[in-house]
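I have placed the structure first, in the form of structure tokens, so that the comments after it can refer back to it.
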Amino acid sequence: MTIYRQSKSDMAQEDHIKTFPMDVFPHSTISVAMFKDVRKIDELKTHIVGGEIDAAIVSSRMICDLFQILVAANKAVNAKTTGKLKTRNINSEVVFCLSPSNSITDSLKKFGVSPEDSAVIAVTVDDFDGQKMQVVLQHINGEMVPLEQLHRYTDEDTVKKVYKINDVELQKSSLLDSVVTRIAVKEFAM
Amino acid sequence: MATKPSDLSEVDLIQQGAEARVYSGHFAGEPCIIKERFKKTYRHPTLEERLTQRRIQQEAKALLRCRKAGIAVPSVYFIDSTNNCIYLEKIEPSLTVREFIQQLPLPYSDEDNNKLYAIALKIGSVLASLHNTDTIHGDLTTSNMLLKFPHDAFELYLIDFGLSQVSQLHEDKGVDLYVLEKAFLSTHPKTEHVFEEILKSYQKNNKKAVEVLKKLDEVRLRGRKRVMVG
């Protein structure tokens with residue numbers, strides 16, 4: 001396990017954690033942080049499965065914009081507040097909501113972290129005192145980077161493949177618009 | 001539970017219709033349009049619930065189907081089934097085709113006619129693609145078409161798919177065009193030549209245009225509702 005160091009550089013890193021209020025759920029917030037050069041993913045996964053980490057950890061290859069995360073997280077919070085969670089908890093629900101698939105296993109596999117990932121995104125819900133993200137920082141063996149760098153790690157070909165977006169559609173739509181529409185309409189139209 | 005649009009901060013009611021209220025607001029930092037289908041107290045609650053749910057589902061399905069076919073439609077951000085709301089991308093800067101035509105003074109100058117023809121060409125080809133994917137809009141009017149500017153390279157967006165359905169029948173496509181013709185000519189006097197242009201462009205771009213236009217002729221004679229004899 002990484003030892004938690006409260007050095008100067010770590011303090012600066014915390015500026016990269018961004019928290020967003022939610023328009024539709026005024027009592028909830030979403031916090032997002034991104035990490036690169038992440039090592040020991042297997043250990044990280046143990047902490048996720050073991051429940052020490054109270055956050056959704058997502059592979060950055062599948063994310064083309066912060067907005068994509070906010071749309072999925074909003075959907076997850078909606079499922080929670082209406083008592084309609086399809087997965088174990090709010091964190092796995094965020095991962096599940098990102099996916100166009102109705103299969104939970106498949107969604108967690110494609111959008112969760114895997115040993116091939118080097119860049120990951122952590123998402124916490126209602127992390128009002130920042131404690132949840134602090135625990136993530138303790139367990140992630142990587143460097144926190146600003147969210148503006150998110151696009152560098154997107155694997156557009158895989159995004160197109162997984163969300164089934166073809167070139168005809170992209171003549172009139174941005175990749176992000178196509179992705180968020182699929183996330184939003186999933187159980188209504190797919 | 002999700003907040004009702006009327007209780008959200010910084011929203012404006014921009015339209016109050018018979019079926020829905022339309023608000024302008026924000027979703028996760030993006031400007032958005034919120035369409036709320038409200039309850040009709042004169043309907044039986046169970047029927048009401050089913051109808052409202054189905055409309056939202058039809059709208060979501062059609063928006064995805066059109067998007068996949070390369071037809072310009074708003075993105076969907078969130079569907080709130082508790083309050084029967086759908087959160088959509090706000091197309092801006094934009095004008096409805098209705099607003100655009102109404103701002104042109106009659107009689108149309110040659111320049112205005114050319115603008116109208118350009119829009120007619122676009123409407124015809126968009127409707128042709130729509131029907132090529134077997135999507136019936138169900139409520140085609142010039143208020144349900146948005147022109148997104150910049151002007152010279154405008155894009156035509158179709159909106160309001162709450163009455164849409166999937167059908168391969170030439171009959172249904174013919175009725176779709178008939179509804180537009182009625183709405184078009186009654187809203188915009190002296191635009192017969194423009195509507196002609198829409199149909200010509202439709203014919204050029206739709207695979208089954210001959211059959212559909214034949215149906216349109218039949219529908220014109222008898223009206224939207226089918227004659228049920230025998």
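Ordered as shown in the structure tokens, chains take letters A, B, and onward, while each chain numbers its residues from 1 and ligands are numbered from 1 in the order shown.
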For chain B, work out the contacting residues on chain A at 12 Å, counting only C-alpha atoms, and write them as a PDB file with N, CA and C atoms, in the first residue's frame.
ATOM      1  N   THR A  19     -15.185  19.603  -7.884  1.00  0.00           N
ATOM      2  CA  THR A  19     -16.486  19.217  -7.357  1.00  0.00           C
ATOM      3  C   THR A  19     -17.575  20.001  -8.070  1.00  0.00           C
ATOM      4  N   PHE A  20     -18.619  19.285  -8.463  1.00  0.00           N
ATOM      5  CA  PHE A  20     -19.688  19.917  -9.234  1.00  0.00           C
ATOM      6  C   PHE A  20     -21.020  19.763  -8.519  1.00  0.00           C
ATOM      7  N   PRO A  21     -21.767  20.865  -8.399  1.00  0.00           N
ATOM      8  CA  PRO A  21     -23.118  20.743  -7.873  1.00  0.00           C
ATOM      9  C   PRO A  21     -23.981  20.131  -8.961  1.00  0.00           C
ATOM     10  N   MET A  22     -25.115  19.552  -8.581  1.00  0.00           N
ATOM     11  CA  MET A  22     -25.986  18.971  -9.595  1.00  0.00           C
ATOM     12  C   MET A  22     -27.274  19.769  -9.660  1.00  0.00           C
ATOM     13  N   ASP A  23     -27.637  20.166 -10.869  1.00  0.00           N
ATOM     14  CA  ASP A  23     -28.817  21.020 -11.023  1.00  0.00           C
ATOM     15  C   ASP A  23     -30.086  20.334 -10.555  1.00  0.00           C
ATOM     16  N   VAL A  24     -30.234  19.059 -10.935  1.00  0.00           N
ATOM     17  CA  VAL A  24     -31.493  18.370 -10.690  1.00  0.00           C
ATOM     18  C   VAL A  24     -31.568  17.813  -9.260  1.00  0.00           C
ATOM     19  N   PHE A  25     -30.395  17.556  -8.670  1.00  0.00           N
ATOM     20  CA  PHE A  25     -30.342  17.053  -7.299  1.00  0.00           C
ATOM     21  C   PHE A  25     -29.518  18.036  -6.463  1.00  0.00           C
ATOM     22  N   PRO A  26     -30.162  19.100  -5.990  1.00  0.00           N
ATOM     23  CA  PRO A  26     -29.425  20.195  -5.349  1.00  0.00           C
ATOM     24  C   PRO A  26     -28.679  19.765  -4.086  1.00  0.00           C
ATOM     25  N   HIS A  27     -29.054  18.607  -3.501  1.00  0.00           N
ATOM     26  CA  HIS A  27     -28.382  18.198  -2.271  1.00  0.00           C
ATOM     27  C   HIS A  27     -27.203  17.271  -2.538  1.00  0.00           C
ATOM     28  N   SER A  28     -26.947  17.005  -3.816  1.00  0.00           N
ATOM     29  CA  SER A  28     -25.847  16.097  -4.144  1.00  0.00           C
ATOM     30  C   SER A  28     -24.722  16.817  -4.862  1.00  0.00           C
ATOM     31  N   THR A  29     -23.525  16.244  -4.743  1.00  0.00           N
ATOM     32  CA  THR A  29     -22.384  16.760  -5.509  1.00  0.00           C
ATOM     33  C   THR A  29     -21.614  15.594  -6.111  1.00  0.00           C
ATOM     34  N   ILE A  30     -20.905  15.900  -7.184  1.00  0.00           N
ATOM     35  CA  ILE A  30     -20.048  14.920  -7.839  1.00  0.00           C
ATOM     36  C   ILE A  30     -18.632  15.470  -7.801  1.00  0.00           C
ATOM     37  N   LEU A  66     -15.588  15.401 -19.585  1.00  0.00           N
ATOM     38  CA  LEU A  66     -16.106  15.442 -18.220  1.00  0.00           C
ATOM     39  C   LEU A  66     -17.637  15.370 -18.203  1.00  0.00           C
ATOM     40  N   PHE A  67     -18.259  16.009 -19.188  1.00  0.00           N
ATOM     41  CA  PHE A  67     -19.723  16.045 -19.266  1.00  0.00           C
ATOM     42  C   PHE A  67     -20.315  14.634 -19.315  1.00  0.00           C
ATOM     43  N   GLN A  68     -19.611  13.740 -19.997  1.00  0.00           N
ATOM     44  CA  GLN A  68     -20.041  12.338 -20.085  1.00  0.00           C
ATOM     45  C   GLN A  68     -20.169  11.743 -18.673  1.00  0.00           C
ATOM     46  N   ILE A  69     -19.190  12.043 -17.825  1.00  0.00           N
ATOM     47  CA  ILE A  69     -19.211  11.536 -16.451  1.00  0.00           C
ATOM     48  C   ILE A  69     -20.367  12.147 -15.672  1.00  0.00           C
ATOM     49  N   LEU A  70     -20.583  13.456 -15.854  1.00  0.00           N
ATOM     50  CA  LEU A  70     -21.641  14.128 -15.102  1.00  0.00           C
ATOM     51  C   LEU A  70     -23.026  13.605 -15.502  1.00  0.00           C
ATOM     52  N   VAL A  71     -23.210  13.312 -16.800  1.00  0.00           N
ATOM     53  CA  VAL A  71     -24.494  12.778 -17.273  1.00  0.00           C
ATOM     54  C   VAL A  71     -24.746  11.398 -16.642  1.00  0.00           C
ATOM     55  N   ALA A  72     -23.715  10.569 -16.622  1.00  0.00           N
ATOM     56  CA  ALA A  72     -23.861   9.225 -16.044  1.00  0.00           C
ATOM     57  C   ALA A  72     -24.069   9.303 -14.532  1.00  0.00           C
ATOM     58  N   ALA A  73     -23.324  10.180 -13.870  1.00  0.00           N
ATOM     59  CA  ALA A  73     -23.428  10.290 -12.417  1.00  0.00           C
ATOM     60  C   ALA A  73     -24.812  10.800 -12.017  1.00  0.00           C
ATOM     61  N   ASN A  74     -25.348  11.743 -12.799  1.00  0.00           N
ATOM     62  CA  ASN A  74     -26.689  12.258 -12.553  1.00  0.00           C
ATOM     63  C   ASN A  74     -27.725  11.140 -12.632  1.00  0.00           C
ATOM     64  N   LYS A  75     -27.530  10.286 -13.633  1.00  0.00           N
ATOM     65  CA  LYS A  75     -28.431   9.155 -13.837  1.00  0.00           C
ATOM     66  C   LYS A  75     -28.335   8.180 -12.657  1.00  0.00           C
ATOM     67  N   ALA A  76     -27.118   7.981 -12.175  1.00  0.00           N
ATOM     68  CA  ALA A  76     -26.901   7.067 -11.042  1.00  0.00           C
ATOM     69  C   ALA A  76     -27.573   7.625  -9.790  1.00  0.00           C
ATOM     70  N   VAL A  77     -27.429   8.928  -9.554  1.00  0.00           N
ATOM     71  CA  VAL A  77     -28.058   9.545  -8.381  1.00  0.00           C
ATOM     72  C   VAL A  77     -29.575   9.439  -8.493  1.00  0.00           C
ATOM     73  N   ASN A  78     -30.084   9.616  -9.713  1.00  0.00           N
ATOM     74  CA  ASN A  78     -31.530   9.481  -9.934  1.00  0.00           C
ATOM     75  C   ASN A  78     -32.001   8.068  -9.570  1.00  0.00           C
ATOM     76  N   ALA A  79     -31.226   7.066  -9.999  1.00  0.00           N
ATOM     77  CA  ALA A  79     -31.575   5.677  -9.698  1.00  0.00           C
ATOM     78  C   ALA A  79     -31.577   5.462  -8.188  1.00  0.00           C
ATOM     79  N   LYS A  80     -30.603   6.045  -7.516  1.00  0.00           N
ATOM     80  CA  LYS A  80     -30.510   5.851  -6.069  1.00  0.00           C
ATOM     81  C   LYS A  80     -31.687   6.502  -5.350  1.00  0.00           C
ATOM     82  N   THR A  81     -31.983   7.755  -5.709  1.00  0.00           N
ATOM     83  CA  THR A  81     -33.033   8.469  -4.975  1.00  0.00           C
ATOM     84  C   THR A  81     -34.423   7.906  -5.265  1.00  0.00           C
ATOM     85  N   THR A  82     -34.582   7.198  -6.389  1.00  0.00           N
ATOM     86  CA  THR A  82     -35.887   6.616  -6.670  1.00  0.00           C
ATOM     87  C   THR A  82     -35.930   5.136  -6.267  1.00  0.00           C
ATOM     88  N   GLY A  83     -34.849   4.675  -5.609  1.00  0.00           N
ATOM     89  CA  GLY A  83     -34.803   3.283  -5.163  1.00  0.00           C
ATOM     90  C   GLY A  83     -34.701   2.292  -6.300  1.00  0.00           C
ATOM     91  N   LYS A  84     -34.070   2.719  -7.410  1.00  0.00           N
ATOM     92  CA  LYS A  84     -33.994   1.831  -8.568  1.00  0.00           C
ATOM     93  C   LYS A  84     -32.557   1.505  -8.982  1.00  0.00           C
ATOM     94  N   CYS A  97     -23.956   3.134 -15.461  1.00  0.00           N
ATOM     95  CA  CYS A  97     -24.669   4.167 -16.216  1.00  0.00           C
ATOM     96  C   CYS A  97     -23.838   4.699 -17.383  1.00  0.00           C
ATOM     97  N   TYR A 163     -19.906   2.134 -28.050  1.00  0.00           N
ATOM     98  CA  TYR A 163     -21.209   2.807 -28.094  1.00  0.00           C
ATOM     99  C   TYR A 163     -21.913   2.616 -29.448  1.00  0.00           C
ATOM    100  N   LYS A 164     -21.259   1.892 -30.347  1.00  0.00           N
ATOM    101  CA  LYS A 164     -21.807   1.640 -31.701  1.00  0.00           C
ATOM    102  C   LYS A 164     -22.181   2.948 -32.419  1.00  0.00           C
ATOM    103  N   ILE A 165     -21.180   3.794 -32.617  1.00  0.00           N
ATOM    104  CA  ILE A 165     -21.397   5.080 -33.292  1.00  0.00           C
ATOM    105  C   ILE A 165     -20.677   5.034 -34.639  1.00  0.00           C
ATOM    106  N   ASN A 166     -21.424   5.201 -35.728  1.00  0.00           N
ATOM    107  CA  ASN A 166     -20.774   5.125 -37.037  1.00  0.00           C
ATOM    108  C   ASN A 166     -20.530   6.511 -37.642  1.00  0.00           C
ATOM    109  N   ASP A 167     -19.894   6.533 -38.811  1.00  0.00           N
ATOM    110  CA  ASP A 167     -19.486   7.809 -39.397  1.00  0.00           C
ATOM    111  C   ASP A 167     -20.655   8.628 -39.938  1.00  0.00           C
ATOM    112  N   VAL A 168     -21.727   7.948 -40.372  1.00  0.00           N
ATOM    113  CA  VAL A 168     -22.913   8.680 -40.849  1.00  0.00           C
ATOM    114  C   VAL A 168     -23.421   9.583 -39.727  1.00  0.00           C
ATOM    115  N   GLU A 169     -23.507   9.002 -38.533  1.00  0.00           N
ATOM    116  CA  GLU A 169     -23.990   9.753 -37.386  1.00  0.00           C
ATOM    117  C   GLU A 169     -23.062  10.926 -37.057  1.00  0.00           C
ATOM    118  N   LEU A 170     -21.773  10.705 -37.182  1.00  0.00           N
ATOM    119  CA  LEU A 170     -20.811  11.735 -36.777  1.00  0.00           C
ATOM    120  C   LEU A 170     -20.712  12.904 -37.762  1.00  0.00           C
ATOM    121  N   GLN A 171     -21.384  12.773 -38.919  1.00  0.00           N
ATOM    122  CA  GLN A 171     -21.432  13.922 -39.831  1.00  0.00           C
ATOM    123  C   GLN A 171     -22.217  15.071 -39.197  1.00  0.00           C
ATOM    124  N   LYS A 172     -23.221  14.727 -38.394  1.00  0.00           N
ATOM    125  CA  LYS A 172     -24.083  15.764 -37.826  1.00  0.00           C
ATOM    126  C   LYS A 172     -23.946  15.898 -36.314  1.00  0.00           C
ATOM    127  N   SER A 173     -23.142  15.047 -35.709  1.00  0.00           N
ATOM    128  CA  SER A 173     -23.104  15.027 -34.256  1.00  0.00           C
ATOM    129  C   SER A 173     -21.663  14.910 -33.782  1.00  0.00           C
ATOM    130  N   SER A 174     -21.364  15.530 -32.649  1.00  0.00           N
ATOM    131  CA  SER A 174     -20.044  15.314 -32.077  1.00  0.00           C
ATOM    132  C   SER A 174     -20.053  13.951 -31.384  1.00  0.00           C
ATOM    133  N   LEU A 175     -18.870  13.390 -31.182  1.00  0.00           N
ATOM    134  CA  LEU A 175     -18.774  12.102 -30.504  1.00  0.00           C
ATOM    135  C   LEU A 175     -19.422  12.202 -29.118  1.00  0.00           C
ATOM    136  N   LEU A 176     -19.154  13.312 -28.425  1.00  0.00           N
ATOM    137  CA  LEU A 176     -19.689  13.496 -27.078  1.00  0.00           C
ATOM    138  C   LEU A 176     -21.220  13.511 -27.082  1.00  0.00           C
ATOM    139  N   ASP A 177     -21.835  14.244 -28.019  1.00  0.00           N
ATOM    140  CA  ASP A 177     -23.298  14.289 -28.084  1.00  0.00           C
ATOM    141  C   ASP A 177     -23.882  12.902 -28.309  1.00  0.00           C
ATOM    142  N   SER A 178     -23.240  12.132 -29.180  1.00  0.00           N
ATOM    143  CA  SER A 178     -23.729  10.777 -29.449  1.00  0.00           C
ATOM    144  C   SER A 178     -23.612   9.898 -28.214  1.00  0.00           C
ATOM    145  N   VAL A 179     -22.505  10.061 -27.502  1.00  0.00           N
ATOM    146  CA  VAL A 179     -22.279   9.253 -26.304  1.00  0.00           C
ATOM    147  C   VAL A 179     -23.286   9.599 -25.211  1.00  0.00           C
ATOM    148  N   VAL A 180     -23.463  10.893 -24.910  1.00  0.00           N
ATOM    149  CA  VAL A 180     -24.361  11.242 -23.799  1.00  0.00           C
ATOM    150  C   VAL A 180     -25.815  10.884 -24.118  1.00  0.00           C
ATOM    151  N   THR A 181     -26.213  11.006 -25.388  1.00  0.00           N
ATOM    152  CA  THR A 181     -27.578  10.620 -25.748  1.00  0.00           C
ATOM    153  C   THR A 181     -27.800   9.144 -25.452  1.00  0.00           C
ATOM    154  N   ARG A 182     -26.827   8.316 -25.811  1.00  0.00           N
ATOM    155  CA  ARG A 182     -26.972   6.878 -25.540  1.00  0.00           C
ATOM    156  C   ARG A 182     -27.039   6.585 -24.046  1.00  0.00           C
ATOM    157  N   ILE A 183     -26.241   7.317 -23.266  1.00  0.00           N
ATOM    158  CA  ILE A 183     -26.280   7.117 -21.816  1.00  0.00           C
ATOM    159  C   ILE A 183     -27.666   7.492 -21.283  1.00  0.00           C
ATOM    160  N   ALA A 184     -28.181   8.630 -21.743  1.00  0.00           N
ATOM    161  CA  ALA A 184     -29.451   9.139 -21.213  1.00  0.00           C
ATOM    162  C   ALA A 184     -30.646   8.269 -21.602  1.00  0.00           C
ATOM    163  N   VAL A 185     -30.651   7.742 -22.831  1.00  0.00           N
ATOM    164  CA  VAL A 185     -31.849   7.016 -23.286  1.00  0.00           C
ATOM    165  C   VAL A 185     -31.760   5.506 -23.069  1.00  0.00           C
ATOM    166  N   LYS A 186     -30.646   5.051 -22.498  1.00  0.00           N
ATOM    167  CA  LYS A 186     -30.381   3.612 -22.421  1.00  0.00           C
ATOM    168  C   LYS A 186     -31.593   2.727 -22.143  1.00  0.00           C
ATOM    169  N   GLU A 187     -32.241   2.874 -21.012  1.00  0.00           N
ATOM    170  CA  GLU A 187     -33.324   1.934 -20.696  1.00  0.00           C
ATOM    171  C   GLU A 187     -34.635   2.290 -21.390  1.00  0.00           C
ATOM    172  N   PHE A 188     -34.671   3.411 -22.101  1.00  0.00           N
ATOM    173  CA  PHE A 188     -35.895   3.807 -22.790  1.00  0.00           C
ATOM    174  C   PHE A 188     -35.879   3.411 -24.259  1.00  0.00           C
ATOM    175  N   ALA A 189     -34.683   3.363 -24.849  1.00  0.00           N
ATOM    176  CA  ALA A 189     -34.651   3.200 -26.298  1.00  0.00           C
ATOM    177  C   ALA A 189     -33.636   2.192 -26.807  1.00  0.00           C
ATOM    178  N   MET A 190     -32.869   1.565 -25.918  1.00  0.00           N
ATOM    179  CA  MET A 190     -31.836   0.690 -26.460  1.00  0.00           C
ATOM    180  C   MET A 190     -32.079  -0.783 -26.134  1.00  0.00           C
TER     181      MET A 190
END
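Using only C-alpha atoms, the protein and nucleic acid residues lying no more than 10 Å from Tyr23 in chain B, apart from those fewer than 2 places from it along its own chain, are Pro5, Ser6, Val11, Asp12, Leu13, Ile14, Gln15, Gln16, Ala20, Arg21, Gly25, His26, Cys32, Ile33, Ile34, Lys35, Glu36 and Tyr87 of chain B.
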Suppose we keep C-alpha atoms; can you now write the selection as a PDB file, in the first residue's frame?
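Everything below was put into out.pdb:
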ATOM      1  CA  PRO B   5     -38.257  21.897 -13.429  1.00  0.00           C
ATOM      2  CA  SER B   6     -40.422  24.637 -11.922  1.00  0.00           C
ATOM      3  CA  VAL B  11     -35.089  28.274 -15.253  1.00  0.00           C
ATOM      4  CA  ASP B  12     -37.485  30.127 -17.503  1.00  0.00           C
ATOM      5  CA  LEU B  13     -40.809  28.850 -18.733  1.00  0.00           C
ATOM      6  CA  ILE B  14     -40.632  29.481 -22.451  1.00  0.00           C
ATOM      7  CA  GLN B  15     -43.697  27.659 -23.698  1.00  0.00           C
ATOM      8  CA  GLN B  16     -46.914  26.363 -22.250  1.00  0.00           C
ATOM      9  CA  ALA B  20     -46.190  19.971 -22.174  1.00  0.00           C
ATOM     10  CA  ARG B  21     -44.401  22.878 -20.600  1.00  0.00           C
ATOM     11  CA  GLY B  25     -32.352  25.988 -18.005  1.00  0.00           C
ATOM     12  CA  HIS B  26     -29.031  24.324 -17.326  1.00  0.00           C
ATOM     13  CA  CYS B  32     -30.646  22.906 -21.936  1.00  0.00           C
ATOM     14  CA  ILE B  33     -34.321  22.667 -22.786  1.00  0.00           C
ATOM     15  CA  ILE B  34     -36.556  20.838 -20.333  1.00  0.00           C
ATOM     16  CA  LYS B  35     -39.789  19.412 -21.589  1.00  0.00           C
ATOM     17  CA  GLU B  36     -42.275  18.477 -18.911  1.00  0.00           C
ATOM     18  CA  TYR B  87     -33.683  17.288 -20.694  1.00  0.00           C
TER      19      TYR B  87
END
Requested in this report: Return as a PyMOL selection string the full set of residues in range 9-182 of chain A whose backbone-based DSSP assignment is strand (DSSP E).
Outcome: chain A and resi 18-21+29-39+56-59+120-125+141-145
File dump, residues just selected, N, CA, C and O atoms, as a tab-separated table (two decimals), in the first residue's frame:
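Dumped to out23.tsv:
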chain	number	residue	atom	x	y	z
A	18	LYS	N	-12.02	18.25	-8.76
A	18	LYS	CA	-13.09	19.22	-9.04
A	18	LYS	C	-14.42	18.69	-8.52
A	18	LYS	O	-14.74	17.52	-8.68
A	19	THR	N	-15.18	19.60	-7.88
A	19	THR	CA	-16.49	19.22	-7.36
A	19	THR	C	-17.58	20.00	-8.07
A	19	THR	O	-17.43	21.20	-8.29
A	20	PHE	N	-18.62	19.28	-8.46
A	20	PHE	CA	-19.69	19.92	-9.23
A	20	PHE	C	-21.02	19.76	-8.52
A	20	PHE	O	-21.37	18.67	-8.09
A	21	PRO	N	-21.77	20.87	-8.40
A	21	PRO	CA	-23.12	20.74	-7.87
A	21	PRO	C	-23.98	20.13	-8.96
A	21	PRO	O	-23.63	20.17	-10.13
A	29	THR	N	-23.53	16.24	-4.74
A	29	THR	CA	-22.38	16.76	-5.51
A	29	THR	C	-21.61	15.59	-6.11
A	29	THR	O	-21.69	14.46	-5.62
A	30	ILE	N	-20.91	15.90	-7.18
A	30	ILE	CA	-20.05	14.92	-7.84
A	30	ILE	C	-18.63	15.47	-7.80
A	30	ILE	O	-18.41	16.63	-8.18
A	31	SER	N	-17.67	14.67	-7.34
A	31	SER	CA	-16.28	15.09	-7.39
A	31	SER	C	-15.51	14.18	-8.34
A	31	SER	O	-15.77	12.97	-8.39
A	32	VAL	N	-14.61	14.78	-9.10
A	32	VAL	CA	-13.89	14.02	-10.11
A	32	VAL	C	-12.40	14.34	-10.03
A	32	VAL	O	-12.01	15.50	-9.83
A	33	ALA	N	-11.58	13.32	-10.16
A	33	ALA	CA	-10.13	13.52	-10.21
A	33	ALA	C	-9.54	12.54	-11.21
A	33	ALA	O	-10.07	11.44	-11.40
A	34	MET	N	-8.45	12.96	-11.84
A	34	MET	CA	-7.86	12.09	-12.85
A	34	MET	C	-6.40	11.78	-12.50
A	34	MET	O	-5.69	12.63	-11.98
A	35	PHE	N	-5.98	10.56	-12.81
A	35	PHE	CA	-4.62	10.13	-12.48
A	35	PHE	C	-3.95	9.51	-13.70
A	35	PHE	O	-4.60	8.78	-14.46
A	36	LYS	N	-2.66	9.80	-13.87
A	36	LYS	CA	-1.93	9.13	-14.96
A	36	LYS	C	-0.80	8.28	-14.37
A	36	LYS	O	-0.51	8.36	-13.18
A	37	ASP	N	-0.18	7.50	-15.23
A	37	ASP	CA	0.90	6.60	-14.83
A	37	ASP	C	0.53	5.78	-13.59
A	37	ASP	O	1.31	5.67	-12.64
A	38	VAL	N	-0.65	5.24	-13.62
A	38	VAL	CA	-1.11	4.47	-12.46
A	38	VAL	C	-0.51	3.07	-12.51
A	38	VAL	O	-0.60	2.38	-13.54
A	39	ARG	N	0.13	2.67	-11.44
A	39	ARG	CA	0.70	1.32	-11.37
A	39	ARG	C	-0.07	0.49	-10.34
A	39	ARG	O	-0.86	1.01	-9.59
A	56	ALA	N	-16.18	5.55	-7.62
A	56	ALA	CA	-16.17	4.82	-8.89
A	56	ALA	C	-14.82	5.09	-9.55
A	56	ALA	O	-14.41	6.24	-9.66
A	57	ILE	N	-14.14	4.02	-9.94
A	57	ILE	CA	-12.86	4.20	-10.63
A	57	ILE	C	-13.06	3.73	-12.07
A	57	ILE	O	-13.42	2.57	-12.32
A	58	VAL	N	-12.85	4.66	-13.00
A	58	VAL	CA	-13.21	4.43	-14.39
A	58	VAL	C	-11.97	4.49	-15.28
A	58	VAL	O	-11.08	5.30	-15.05
A	59	SER	N	-11.98	3.64	-16.30
A	59	SER	CA	-10.88	3.69	-17.27
A	59	SER	C	-11.01	4.94	-18.13
A	59	SER	O	-12.07	5.20	-18.69
A	120	VAL	N	-6.60	6.67	-15.08
A	120	VAL	CA	-7.92	6.36	-14.53
A	120	VAL	C	-8.58	7.63	-13.99
A	120	VAL	O	-7.91	8.62	-13.69
A	121	ILE	N	-9.90	7.57	-13.88
A	121	ILE	CA	-10.66	8.70	-13.35
A	121	ILE	C	-11.43	8.21	-12.13
A	121	ILE	O	-12.07	7.16	-12.16
A	122	ALA	N	-11.34	8.99	-11.06
A	122	ALA	CA	-12.08	8.63	-9.84
A	122	ALA	C	-13.27	9.57	-9.70
A	122	ALA	O	-13.15	10.78	-9.89
A	123	VAL	N	-14.43	8.99	-9.40
A	123	VAL	CA	-15.66	9.79	-9.24
A	123	VAL	C	-16.26	9.48	-7.87
A	123	VAL	O	-16.48	8.31	-7.54
A	124	THR	N	-16.50	10.51	-7.08
A	124	THR	CA	-17.18	10.29	-5.80
A	124	THR	C	-18.49	11.08	-5.79
A	124	THR	O	-18.59	12.14	-6.38
A	125	VAL	N	-19.48	10.49	-5.10
A	125	VAL	CA	-20.79	11.15	-5.00
A	125	VAL	C	-20.98	11.60	-3.56
A	125	VAL	O	-20.69	10.85	-2.62
A	141	ASN	N	-1.73	4.52	-6.94
A	141	ASN	CA	-0.31	4.67	-7.13
A	141	ASN	C	-0.07	5.37	-8.47
A	141	ASN	O	0.27	4.74	-9.46
A	142	GLY	N	-0.32	6.67	-8.51
A	142	GLY	CA	-0.16	7.39	-9.77
A	142	GLY	C	-0.13	8.88	-9.53
A	142	GLY	O	-0.21	9.33	-8.39
A	143	GLU	N	-0.05	9.64	-10.63
A	143	GLU	CA	0.07	11.08	-10.48
A	143	GLU	C	-1.24	11.77	-10.86
A	143	GLU	O	-1.78	11.53	-11.94
A	144	MET	N	-1.74	12.63	-9.98
A	144	MET	CA	-2.97	13.33	-10.30
A	144	MET	C	-2.69	14.44	-11.31
A	144	MET	O	-1.70	15.15	-11.20
A	145	VAL	N	-3.55	14.51	-12.34
A	145	VAL	CA	-3.37	15.53	-13.38
A	145	VAL	C	-4.67	16.32	-13.56
A	145	VAL	O	-5.74	15.84	-13.20
Can you pull out every residue within 6 Å of range 165-177 of chain B, counting only C-alpha atoms, but drop anything in the same chain fewer than 5 positions away, and send it as a short mmCIF file (atom, residue, chain, number, x, y, z; two decimals) with all heavy atoms, in the first residue's frame?
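Saved as part_29.cif:
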data_model
loop_
_atom_site.label_atom_id
_atom_site.label_comp_id
_atom_site.auth_asym_id
_atom_site.auth_seq_id
_atom_site.Cartn_x
_atom_site.Cartn_y
_atom_site.Cartn_z
N ASP B 134 -37.80 4.92 -41.84
CA ASP B 134 -39.12 4.49 -41.38
C ASP B 134 -39.57 5.16 -40.09
O ASP B 134 -40.32 4.58 -39.30
CB ASP B 134 -39.19 2.96 -41.21
CG ASP B 134 -39.04 2.25 -42.55
OD1 ASP B 134 -39.48 2.83 -43.57
OD2 ASP B 134 -38.47 1.15 -42.58
N THR B 135 -39.08 6.38 -39.85
CA THR B 135 -39.56 7.13 -38.69
C THR B 135 -40.63 8.10 -39.17
O THR B 135 -40.43 8.82 -40.15
CB THR B 135 -38.41 7.93 -38.04
OG1 THR B 135 -37.34 7.03 -37.75
CG2 THR B 135 -38.87 8.59 -36.74
N ILE B 136 -41.77 8.08 -38.50
CA ILE B 136 -42.84 9.02 -38.80
C ILE B 136 -42.82 10.05 -37.68
O ILE B 136 -42.88 9.68 -36.50
CB ILE B 136 -44.23 8.31 -38.81
CG1 ILE B 136 -44.19 7.03 -39.67
CG2 ILE B 136 -45.33 9.26 -39.25
CD1 ILE B 136 -43.85 7.25 -41.12
N GLY B 138 -45.05 12.55 -36.96
CA GLY B 138 -46.35 12.60 -36.33
C GLY B 138 -46.88 14.00 -36.08
O GLY B 138 -48.08 14.18 -35.85
N VAL B 212 -45.09 7.28 -51.92
CA VAL B 212 -45.52 8.14 -50.81
C VAL B 212 -46.30 9.34 -51.35
O VAL B 212 -47.36 9.70 -50.82
CB VAL B 212 -44.30 8.62 -49.98
CG1 VAL B 212 -44.74 9.61 -48.91
CG2 VAL B 212 -43.59 7.44 -49.33
N LYS B 215 -49.73 8.44 -52.27
CA LYS B 215 -50.58 8.38 -51.07
C LYS B 215 -50.97 9.79 -50.63
O LYS B 215 -52.10 10.02 -50.22
CB LYS B 215 -49.83 7.68 -49.92
CG LYS B 215 -49.84 6.18 -50.03
CD LYS B 215 -51.23 5.62 -49.73
CE LYS B 215 -51.24 4.12 -50.00
NZ LYS B 215 -52.62 3.58 -49.99
N LEU B 216 -50.01 10.71 -50.72
CA LEU B 216 -50.29 12.09 -50.31
C LEU B 216 -51.48 12.63 -51.12
O LEU B 216 -52.37 13.27 -50.57
CB LEU B 216 -49.05 12.97 -50.52
CG LEU B 216 -49.23 14.48 -50.31
CD1 LEU B 216 -49.65 14.80 -48.88
CD2 LEU B 216 -47.95 15.24 -50.64
#
